[in-house]
file coords_21.tsv (TSV, N, CA and C atoms)
chain	number	residue	atom	x	y	z
X	1	MET	N	102.68	92.77	75.72
X	1	MET	CA	101.84	92.55	76.88
X	1	MET	C	101.03	91.28	76.64
X	2	SER	N	100.74	90.59	77.68
X	2	SER	CA	100.10	89.29	77.53
X	2	SER	C	98.62	89.44	77.25
X	3	ASN	N	98.02	88.34	76.78
X	3	ASN	CA	96.60	88.33	76.51
X	3	ASN	C	95.77	88.47	77.77
X	4	SER	N	96.33	88.13	78.94
X	4	SER	CA	95.59	88.26	80.19
X	4	SER	C	95.49	89.72	80.62
X	5	HIS	N	96.27	90.59	80.01
X	5	HIS	CA	96.22	92.03	80.27
X	5	HIS	C	96.12	92.74	78.92
X	6	PRO	N	94.91	92.77	78.35
X	6	PRO	CA	94.79	93.32	77.01
X	6	PRO	C	95.23	94.78	76.94
X	7	VAL	N	95.83	95.11	75.84
X	7	VAL	CA	96.28	96.47	75.61
X	7	VAL	C	95.08	97.30	75.16
X	8	PRO	N	94.87	98.46	75.76
X	8	PRO	CA	93.77	99.32	75.30
X	8	PRO	C	93.92	99.61	73.81
X	9	GLU	N	92.81	99.67	73.11
X	9	GLU	CA	92.83	99.86	71.66
X	9	GLU	C	93.60	101.11	71.26
X	10	SER	N	93.44	102.19	72.00
X	10	SER	CA	94.14	103.44	71.64
X	10	SER	C	95.65	103.28	71.78
X	11	VAL	N	96.09	102.50	72.76
X	11	VAL	CA	97.52	102.27	72.95
X	11	VAL	C	98.05	101.39	71.83
X	12	ALA	N	97.32	100.34	71.50
X	12	ALA	CA	97.74	99.45	70.42
X	12	ALA	C	97.85	100.22	69.10
X	13	ALA	N	96.89	101.10	68.84
X	13	ALA	CA	96.91	101.88	67.60
X	13	ALA	C	98.11	102.83	67.59
X	14	ALA	N	98.40	103.46	68.72
X	14	ALA	CA	99.53	104.39	68.80
X	14	ALA	C	100.84	103.65	68.57
X	15	VAL	N	100.99	102.49	69.18
X	15	VAL	CA	102.22	101.70	69.02
X	15	VAL	C	102.33	101.22	67.58
X	16	ALA	N	101.22	100.78	66.99
X	16	ALA	CA	101.24	100.33	65.60
X	16	ALA	C	101.64	101.47	64.66
X	17	ALA	N	101.32	102.70	65.05
X	17	ALA	CA	101.67	103.87	64.24
X	17	ALA	C	103.09	104.34	64.49
X	18	GLY	N	103.81	103.63	65.38
X	18	GLY	CA	105.21	103.95	65.62
X	18	GLY	C	105.51	104.67	66.91
X	19	GLU	N	104.50	104.93	67.73
X	19	GLU	CA	104.75	105.61	69.00
X	19	GLU	C	105.37	104.64	70.01
X	20	ASN	N	106.21	105.15	70.86
X	20	ASN	CA	106.84	104.36	71.91
X	20	ASN	C	105.76	103.82	72.85
X	21	ALA	N	105.87	102.55	73.24
X	21	ALA	CA	104.87	101.92	74.10
X	21	ALA	C	104.77	102.58	75.47
X	22	VAL	N	105.90	102.99	76.03
X	22	VAL	CA	105.87	103.65	77.34
X	22	VAL	C	105.11	104.96	77.23
X	23	LYS	N	105.39	105.73	76.20
X	23	LYS	CA	104.70	107.00	76.02
X	23	LYS	C	103.21	106.79	75.81
X	24	ALA	N	102.85	105.80	74.98
X	24	ALA	CA	101.44	105.53	74.72
X	24	ALA	C	100.71	105.13	75.99
X	25	MET	N	101.32	104.26	76.81
X	25	MET	CA	100.67	103.86	78.07
X	25	MET	C	100.62	105.02	79.06
X	26	ARG	N	101.70	105.80	79.12
X	26	ARG	CA	101.71	106.95	80.03
X	26	ARG	C	100.58	107.91	79.69
X	27	GLU	N	100.44	108.20	78.41
X	27	GLU	CA	99.38	109.12	77.99
X	27	GLU	C	98.00	108.52	78.22
X	28	PHE	N	97.85	107.21	78.01
X	28	PHE	CA	96.57	106.55	78.26
X	28	PHE	C	96.16	106.69	79.72
X	29	VAL	N	97.14	106.49	80.61
X	29	VAL	CA	96.88	106.59	82.05
X	29	VAL	C	96.61	108.04	82.46
X	30	GLY	N	97.17	108.98	81.69
X	30	GLY	CA	96.95	110.38	81.98
X	30	GLY	C	98.08	111.05	82.74
X	31	TYR	N	99.24	110.40	82.78
X	31	TYR	CA	100.39	110.97	83.46
X	31	TYR	C	101.18	111.89	82.53
X	32	THR	N	101.74	112.94	83.09
X	32	THR	CA	102.77	113.69	82.41
X	32	THR	C	104.08	112.93	82.63
X	33	VAL	N	105.12	113.33	81.92
X	33	VAL	CA	106.42	112.71	82.14
X	33	VAL	C	106.83	112.89	83.60
X	34	GLU	N	106.62	114.07	84.13
X	34	GLU	CA	107.01	114.37	85.51
X	34	GLU	C	106.22	113.53	86.51
X	35	GLU	N	104.93	113.34	86.27
X	35	GLU	CA	104.11	112.52	87.17
X	35	GLU	C	104.55	111.07	87.15
X	36	LEU	N	104.85	110.56	85.96
X	36	LEU	CA	105.34	109.18	85.88
X	36	LEU	C	106.68	109.04	86.57
X	37	ALA	N	107.54	110.04	86.40
X	37	ALA	CA	108.85	110.00	87.06
X	37	ALA	C	108.68	109.89	88.57
X	38	VAL	N	107.79	110.67	89.13
X	38	VAL	CA	107.54	110.62	90.58
X	38	VAL	C	106.97	109.25	90.96
X	39	ALA	N	106.02	108.75	90.17
X	39	ALA	CA	105.36	107.49	90.49
X	39	ALA	C	106.31	106.30	90.45
X	40	CYS	N	107.32	106.35	89.59
X	40	CYS	CA	108.21	105.18	89.48
X	40	CYS	C	109.59	105.44	90.07
X	41	GLY	N	109.85	106.66	90.54
X	41	GLY	CA	111.12	106.95	91.19
X	41	GLY	C	112.27	107.18	90.24
X	42	LEU	N	111.98	107.51	89.00
X	42	LEU	CA	113.02	107.84	88.04
X	42	LEU	C	113.00	109.35	87.79
X	43	ALA	N	114.05	109.84	87.19
X	43	ALA	CA	114.09	111.26	86.82
X	43	ALA	C	113.32	111.45	85.52
X	44	ALA	N	112.75	112.64	85.34
X	44	ALA	CA	112.00	112.94	84.13
X	44	ALA	C	112.86	112.76	82.88
X	45	ASP	N	114.14	113.11	82.97
X	45	ASP	CA	115.00	112.93	81.79
X	45	ASP	C	115.22	111.46	81.47
X	46	GLU	N	115.17	110.58	82.48
X	46	GLU	CA	115.27	109.14	82.22
X	46	GLU	C	114.03	108.67	81.45
X	47	ILE	N	112.86	109.14	81.86
X	47	ILE	CA	111.62	108.78	81.17
X	47	ILE	C	111.69	109.28	79.72
X	48	ALA	N	112.14	110.51	79.54
X	48	ALA	CA	112.24	111.09	78.20
X	48	ALA	C	113.17	110.26	77.31
X	49	ARG	N	114.28	109.80	77.86
X	49	ARG	CA	115.22	108.97	77.08
X	49	ARG	C	114.58	107.64	76.69
X	50	ILE	N	113.84	107.06	77.61
X	50	ILE	CA	113.16	105.80	77.32
X	50	ILE	C	112.12	106.00	76.23
X	51	GLU	N	111.35	107.07	76.34
X	51	GLU	CA	110.32	107.34	75.34
X	51	GLU	C	110.93	107.68	73.97
X	52	ALA	N	112.13	108.21	73.97
X	52	ALA	CA	112.82	108.52	72.71
X	52	ALA	C	113.47	107.28	72.11
X	53	GLY	N	113.48	106.18	72.87
X	53	GLY	CA	114.10	104.95	72.38
X	53	GLY	C	115.59	104.88	72.65
X	54	ASP	N	116.10	105.79	73.47
X	54	ASP	CA	117.54	105.84	73.76
X	54	ASP	C	117.94	105.04	74.99
X	55	ASP	N	116.97	104.46	75.68
X	55	ASP	CA	117.25	103.69	76.89
X	55	ASP	C	116.22	102.57	76.98
X	56	ASN	N	116.67	101.35	77.13
X	56	ASN	CA	115.75	100.23	77.30
X	56	ASN	C	116.17	99.35	78.47
X	57	ASP	N	116.69	99.99	79.50
X	57	ASP	CA	117.15	99.27	80.69
X	57	ASP	C	115.98	98.50	81.32
X	58	PRO	N	116.09	97.18	81.44
X	58	PRO	CA	115.00	96.37	81.97
X	58	PRO	C	114.53	96.80	83.37
X	59	ALA	N	115.44	97.17	84.23
X	59	ALA	CA	115.05	97.58	85.58
X	59	ALA	C	114.18	98.84	85.54
X	60	ARG	N	114.55	99.79	84.70
X	60	ARG	CA	113.75	101.02	84.57
X	60	ARG	C	112.39	100.70	83.96
X	61	LEU	N	112.39	99.86	82.94
X	61	LEU	CA	111.12	99.50	82.30
X	61	LEU	C	110.19	98.78	83.27
X	62	ASN	N	110.74	97.92	84.13
X	62	ASN	CA	109.93	97.25	85.14
X	62	ASN	C	109.32	98.24	86.12
X	63	ARG	N	110.11	99.23	86.53
X	63	ARG	CA	109.60	100.25	87.45
X	63	ARG	C	108.48	101.06	86.82
X	64	ILE	N	108.64	101.37	85.54
X	64	ILE	CA	107.60	102.12	84.83
X	64	ILE	C	106.33	101.28	84.71
X	65	ALA	N	106.48	100.02	84.33
X	65	ALA	CA	105.32	99.14	84.21
X	65	ALA	C	104.56	99.08	85.52
X	66	HIS	N	105.27	98.90	86.61
X	66	HIS	CA	104.64	98.83	87.93
X	66	HIS	C	103.88	100.13	88.22
X	67	ALA	N	104.49	101.27	87.95
X	67	ALA	CA	103.85	102.56	88.21
X	67	ALA	C	102.60	102.75	87.36
X	68	LEU	N	102.57	102.13	86.18
X	68	LEU	CA	101.41	102.23	85.30
X	68	LEU	C	100.35	101.17	85.59
X	69	GLY	N	100.61	100.34	86.60
X	69	GLY	CA	99.65	99.30	86.97
X	69	GLY	C	99.68	98.09	86.07
X	70	LEU	N	100.82	97.87	85.43
X	70	LEU	CA	100.98	96.73	84.53
X	70	LEU	C	101.82	95.65	85.20
X	71	PRO	N	101.78	94.42	84.67
X	71	PRO	CA	102.68	93.40	85.20
X	71	PRO	C	104.12	93.89	85.08
X	72	GLU	N	104.94	93.50	86.03
X	72	GLU	CA	106.30	94.05	86.12
X	72	GLU	C	107.07	93.98	84.80
X	73	ASP	N	106.94	92.87	84.07
X	73	ASP	CA	107.72	92.73	82.85
X	73	ASP	C	106.94	93.11	81.58
X	74	ALA	N	105.84	93.82	81.73
X	74	ALA	CA	104.99	94.13	80.57
X	74	ALA	C	105.72	94.91	79.49
X	75	MET	N	106.59	95.80	79.86
X	75	MET	CA	107.28	96.62	78.87
X	75	MET	C	108.44	95.86	78.22
X	76	LEU	N	108.77	94.71	78.74
X	76	LEU	CA	109.86	93.90	78.16
X	76	LEU	C	109.35	92.92	77.12
X	77	ARG	N	108.06	92.66	77.11
X	77	ARG	CA	107.49	91.68	76.19
X	77	ARG	C	107.44	92.24	74.79
X	78	ARG	N	107.58	91.37	73.85
X	78	ARG	CA	107.53	91.81	72.44
X	78	ARG	C	106.33	91.22	71.77

call {"tool": "encode", "arguments": {"input": "coords_21.tsv", "output": "structure tokens"}}
result
Amino acid sequence: MSNSHPVPESVAAAVAAGENAVKAMREFVGYTVEELAVACGLAADEIARIEAGDDNDPARLNRIAHALGLPEDAMLRR
């Protein structure tokens, strides 16, 4: 994520500890997997696969970022 959109400290710490960035942001925002699925138009099992690291489809990641109120490509940045 860019410096113009700082990562919350709790999210940065979770990611540094090895947690998936999507999961860390979802939990920071307060969404369940099901709530995020509804917000971004994906199925809950798609979210679960992304959080498990089994799916990194850019289009899905962009939809999730948008639903979390992040810049569209925020989840694609390294």

call {"tool": "closest_residue", "arguments": {"input": "coords_21.tsv", "among": "X:Val29, X:Ala24, X:Ile50, X:Ala16", "to": "X:Leu68", "atoms": "only C-alpha atoms"}}
result
X:Val29

call {"tool": "closest_residue", "arguments": {"input": "coords_21.tsv", "among": "X:Leu76, X:Asn20, X:Phe28, X:Pro71", "to": "X:Asp54", "atoms": "only C-alpha atoms"}}
result
X:Asn20

call {"tool": "atom_distance", "arguments": {"input": "coords_21.tsv", "atom1": "atom CA of X:Glu34", "atom2": "atom CA of X:Pro8"}}
result
22.5 Å

call {"tool": "atom_distance", "arguments": {"input": "coords_21.tsv", "atom1": "atom N of X:Ala21", "atom2": "atom C of X:Met75"}}
result
8.7 Å

call {"tool": "atom_distance", "arguments": {"input": "coords_21.tsv", "atom1": "atom CA of X:Asp73", "atom2": "atom CA of X:Asp57"}}
result
11.7 Å

call {"tool": "select_by_dssp", "arguments": {"input": "coords_21.tsv", "residues": "chain X", "states": "alpha helix (DSSP H)", "output": "MDAnalysis selection string"}}
result
chainID X and resid 9:16 21:29 33:40 44:51 58:67

call {"tool": "residues_around", "arguments": {"input": "coords_21.tsv", "residues": "X:Leu42", "least_positions_apart": "4", "cutoff": "8 Å", "atoms": "only N, CA and C atoms", "output": "list in words"}}
result
Leu36, Ala37, Val38, Glu46, Ile47, Arg60, Arg63 and Ile64 of chain X

call {"tool": "closest_residue", "arguments": {"input": "coords_21.tsv", "among": "X:Ala67, X:Ala12, X:Ala17, X:Val7", "to": "X:Tyr31", "atoms": "only C-alpha atoms"}}
result
X:Ala67

call {"tool": "closest_residue", "arguments": {"input": "coords_21.tsv", "among": "X:Val33, X:Met25, X:Ala44, X:Gly53", "to": "X:Gly69", "atoms": "only C-alpha atoms"}}
result
X:Met25

call {"tool": "build_atoms", "arguments": {"input": "coords_21.tsv", "residues": "stretch 15-27 of chain X", "atoms": "N, CA, C and O atoms", "output": "PDB file, in the frame of the given file"}}
result
ATOM      1  N   VAL X  15     100.990 102.490  69.180  1.00  0.00           N
ATOM      2  CA  VAL X  15     102.220 101.700  69.020  1.00  0.00           C
ATOM      3  C   VAL X  15     102.330 101.220  67.580  1.00  0.00           C
ATOM      4  O   VAL X  15     103.410 101.268  66.985  1.00  0.00           O
ATOM      5  N   ALA X  16     101.220 100.780  66.990  1.00  0.00           N
ATOM      6  CA  ALA X  16     101.240 100.330  65.600  1.00  0.00           C
ATOM      7  C   ALA X  16     101.640 101.470  64.660  1.00  0.00           C
ATOM      8  O   ALA X  16     102.250 101.233  63.616  1.00  0.00           O
ATOM      9  N   ALA X  17     101.320 102.700  65.050  1.00  0.00           N
ATOM     10  CA  ALA X  17     101.670 103.870  64.240  1.00  0.00           C
ATOM     11  C   ALA X  17     103.090 104.340  64.490  1.00  0.00           C
ATOM     12  O   ALA X  17     103.536 105.325  63.924  1.00  0.00           O
ATOM     13  N   GLY X  18     103.810 103.630  65.380  1.00  0.00           N
ATOM     14  CA  GLY X  18     105.210 103.950  65.620  1.00  0.00           C
ATOM     15  C   GLY X  18     105.510 104.670  66.910  1.00  0.00           C
ATOM     16  O   GLY X  18     106.667 104.980  67.190  1.00  0.00           O
ATOM     17  N   GLU X  19     104.500 104.930  67.730  1.00  0.00           N
ATOM     18  CA  GLU X  19     104.750 105.610  69.000  1.00  0.00           C
ATOM     19  C   GLU X  19     105.370 104.640  70.010  1.00  0.00           C
ATOM     20  O   GLU X  19     105.081 103.451  70.002  1.00  0.00           O
ATOM     21  N   ASN X  20     106.210 105.150  70.860  1.00  0.00           N
ATOM     22  CA  ASN X  20     106.840 104.360  71.910  1.00  0.00           C
ATOM     23  C   ASN X  20     105.760 103.820  72.850  1.00  0.00           C
ATOM     24  O   ASN X  20     104.845 104.560  73.249  1.00  0.00           O
ATOM     25  N   ALA X  21     105.870 102.550  73.240  1.00  0.00           N
ATOM     26  CA  ALA X  21     104.870 101.920  74.100  1.00  0.00           C
ATOM     27  C   ALA X  21     104.770 102.580  75.470  1.00  0.00           C
ATOM     28  O   ALA X  21     103.671 102.723  76.010  1.00  0.00           O
ATOM     29  N   VAL X  22     105.900 102.990  76.030  1.00  0.00           N
ATOM     30  CA  VAL X  22     105.870 103.650  77.340  1.00  0.00           C
ATOM     31  C   VAL X  22     105.110 104.960  77.230  1.00  0.00           C
ATOM     32  O   VAL X  22     104.234 105.259  78.044  1.00  0.00           O
ATOM     33  N   LYS X  23     105.390 105.730  76.200  1.00  0.00           N
ATOM     34  CA  LYS X  23     104.700 107.000  76.020  1.00  0.00           C
ATOM     35  C   LYS X  23     103.210 106.790  75.810  1.00  0.00           C
ATOM     36  O   LYS X  23     102.381 107.485  76.399  1.00  0.00           O
ATOM     37  N   ALA X  24     102.850 105.800  74.980  1.00  0.00           N
ATOM     38  CA  ALA X  24     101.440 105.530  74.720  1.00  0.00           C
ATOM     39  C   ALA X  24     100.710 105.130  75.990  1.00  0.00           C
ATOM     40  O   ALA X  24      99.601 105.625  76.256  1.00  0.00           O
ATOM     41  N   MET X  25     101.320 104.260  76.810  1.00  0.00           N
ATOM     42  CA  MET X  25     100.670 103.860  78.070  1.00  0.00           C
ATOM     43  C   MET X  25     100.620 105.020  79.060  1.00  0.00           C
ATOM     44  O   MET X  25      99.625 105.209  79.742  1.00  0.00           O
ATOM     45  N   ARG X  26     101.700 105.800  79.120  1.00  0.00           N
ATOM     46  CA  ARG X  26     101.710 106.950  80.030  1.00  0.00           C
ATOM     47  C   ARG X  26     100.580 107.910  79.690  1.00  0.00           C
ATOM     48  O   ARG X  26      99.832 108.355  80.571  1.00  0.00           O
ATOM     49  N   GLU X  27     100.440 108.200  78.410  1.00  0.00           N
ATOM     50  CA  GLU X  27      99.380 109.120  77.990  1.00  0.00           C
ATOM     51  C   GLU X  27      98.000 108.520  78.220  1.00  0.00           C
ATOM     52  O   GLU X  27      97.067 109.224  78.597  1.00  0.00           O
TER      53      GLU X  27
END
